[in-house]
Amino acid sequence: SDVYFYTIGGGYGAVKGLGVERMHDYLQRFGIGQRTGIDLLGEAEGLIPTTEWNAETYPNDPLWRAGDSYNMSIGQGWLLSTPLQMARATLALARGGELLQPRVMRSVTRGMDDKDKQRVSISAPALEIAIRGMRAAVLKGTATGVASIRPSVAAKTGTAEVTRSGRTHSWFIGFLPVENPELVLVVNMENGPA
């Protein structure tokens, strides 16, 4: 529910919310808004907005508003990520915080080097709550379309509006099996019907 994320990210009533700086920190920990370093040319960086970025980009209206935090909390507004960044972040969540370096390869002949791995600084209970939420989205939420897939799937769906066009970008991220993840899937359908 967007309202849940609005409250967690931007706050509401007695709930202070994370705010732009803490959301920026957590998104950055998972590699959002940064090149992954994949061995392909032309990888996009993305963007995690900050109050400083906002002031520089919009000098005539430099104020960061609560609505900006609300948009950021649901992955909209000025926040930009690539499907590869989302796949990498989802895999880190599924693997207990292990953020892997993506590579294009023909075959695997040995294990990953330590330089291809880093840890996301986030607590195991927080990761577990996120995974339980993603599993609940499959069992009784917006991702029930994959509930019958075996092995079990954990997933999250999302929609990003495209300016005033009435078009949307639809997202699906998920991993399986939930208990010992082996596969991550990210689907982004651009400019779908509203």
# chains A, B, ... in the order shown; residues from 1 in each chain; ligands from 1
>>> residues_around(residues="range 116-129 of chain A", least_positions_apart="2", cutoff="6 Å", atoms="only C-alpha atoms", output="NGL selection string")
:A and (29 or 97-101 or 113-114 or 131-132)
>>> residues_around(residues="range 85-90 of chain A", least_positions_apart="6", cutoff="12 Å", atoms="only C-alpha atoms", output="PyMOL selection string")
chain A and resi 26-38+43-47+75+96-103+117-120+127+130-131+134+154-158+171-176+178+181-188
>>> atom_distance(atom1="CA of Gly141 in chain A", atom2="CA of Asn191 in chain A")
23.0 Å
>>> closest_residue(among="A:Leu79, A:Leu91, A:Val104, A:Leu139", to="Ala160 in chain A", atoms="only C-alpha atoms")
A:Leu79
>>> select_by_dssp(residues="range 89-169 of chain A", states="alpha helix (DSSP H)", output="PyMOL selection string")
chain A and resi 89-94+124-140
>>> write_last_selection(atoms="N, CA, C and O atoms", output="CSV table (one decimal), in the first residue's frame")
chain,number,residue,atom,x,y,z
A,89,ALA,N,19.6,-5.4,-6.2
A,89,ALA,CA,19.1,-5.1,-4.8
A,89,ALA,C,18.2,-6.2,-4.3
A,89,ALA,O,18.2,-6.5,-3.2
A,90,THR,N,17.3,-6.7,-5.2
A,90,THR,CA,16.4,-7.8,-4.8
A,90,THR,C,17.2,-9.0,-4.4
A,90,THR,O,16.9,-9.7,-3.4
A,91,LEU,N,18.3,-9.4,-5.2
A,91,LEU,CA,19.1,-10.5,-4.9
A,91,LEU,C,19.8,-10.3,-3.5
A,91,LEU,O,19.9,-11.2,-2.7
A,92,ALA,N,20.3,-9.1,-3.2
A,92,ALA,CA,20.9,-8.8,-2.0
A,92,ALA,C,19.9,-9.0,-0.8
A,92,ALA,O,20.3,-9.6,0.2
A,93,LEU,N,18.7,-8.6,-1.0
A,93,LEU,CA,17.6,-8.8,0.0
A,93,LEU,C,17.4,-10.3,0.2
A,93,LEU,O,17.4,-10.8,1.3
A,94,ALA,N,17.3,-11.0,-0.9
A,94,ALA,CA,17.1,-12.5,-0.8
A,94,ALA,C,18.2,-13.3,-0.2
A,94,ALA,O,18.0,-14.3,0.4
A,124,ALA,N,19.6,-8.3,9.9
A,124,ALA,CA,18.9,-9.5,9.5
A,124,ALA,C,17.4,-9.5,9.8
A,124,ALA,O,16.6,-9.9,8.9
A,125,PRO,N,16.9,-8.9,10.9
A,125,PRO,CA,15.5,-8.9,11.1
A,125,PRO,C,14.8,-7.9,10.1
A,125,PRO,O,13.7,-8.2,9.7
A,126,ALA,N,15.4,-6.8,9.7
A,126,ALA,CA,14.8,-5.9,8.7
A,126,ALA,C,14.7,-6.6,7.4
A,126,ALA,O,13.7,-6.5,6.7
A,127,LEU,N,15.7,-7.4,7.0
A,127,LEU,CA,15.7,-8.2,5.7
A,127,LEU,C,14.6,-9.2,5.8
A,127,LEU,O,13.8,-9.4,4.8
A,128,GLU,N,14.5,-9.9,6.9
A,128,GLU,CA,13.4,-10.9,7.1
A,128,GLU,C,12.0,-10.3,6.9
A,128,GLU,O,11.1,-10.9,6.3
A,129,ILE,N,11.8,-9.1,7.5
A,129,ILE,CA,10.5,-8.5,7.4
A,129,ILE,C,10.2,-8.2,6.0
A,129,ILE,O,9.1,-8.4,5.5
A,130,ALA,N,11.2,-7.7,5.2
A,130,ALA,CA,11.0,-7.3,3.8
A,130,ALA,C,10.6,-8.6,3.0
A,130,ALA,O,9.7,-8.6,2.2
A,131,ILE,N,11.3,-9.7,3.3
A,131,ILE,CA,11.1,-10.9,2.6
A,131,ILE,C,9.7,-11.5,2.9
A,131,ILE,O,8.9,-11.9,2.0
A,132,ARG,N,9.3,-11.4,4.2
A,132,ARG,CA,7.9,-11.8,4.5
A,132,ARG,C,6.9,-11.0,3.8
A,132,ARG,O,5.8,-11.5,3.4
A,133,GLY,N,7.1,-9.7,3.7
A,133,GLY,CA,6.2,-8.8,3.0
A,133,GLY,C,6.1,-9.1,1.6
A,133,GLY,O,5.0,-9.1,1.0
A,134,MET,N,7.2,-9.5,0.9
A,134,MET,CA,7.2,-9.9,-0.5
A,134,MET,C,6.5,-11.2,-0.7
A,134,MET,O,5.8,-11.4,-1.7
A,135,ARG,N,6.6,-12.1,0.3
A,135,ARG,CA,5.9,-13.4,0.2
A,135,ARG,C,4.4,-13.1,0.4
A,135,ARG,O,3.6,-13.7,-0.3
A,136,ALA,N,4.0,-12.2,1.3
A,136,ALA,CA,2.6,-11.9,1.5
A,136,ALA,C,2.0,-11.3,0.2
A,136,ALA,O,0.8,-11.5,-0.1
A,137,ALA,N,2.8,-10.5,-0.5
A,137,ALA,CA,2.3,-9.9,-1.7
A,137,ALA,C,1.9,-10.9,-2.8
A,137,ALA,O,1.0,-10.8,-3.5
A,138,VAL,N,2.6,-12.1,-2.7
A,138,VAL,CA,2.3,-13.2,-3.6
A,138,VAL,C,1.1,-14.0,-3.1
A,138,VAL,O,0.2,-14.4,-3.9
A,139,LEU,N,1.0,-14.1,-1.8
A,139,LEU,CA,-0.1,-14.9,-1.3
A,139,LEU,C,-1.4,-14.2,-1.2
A,139,LEU,O,-2.5,-14.8,-1.4
A,140,LYS,N,-1.4,-12.9,-1.0
A,140,LYS,CA,-2.7,-12.2,-0.9
A,140,LYS,C,-2.6,-10.7,-1.3
A,140,LYS,O,-3.5,-9.9,-0.9
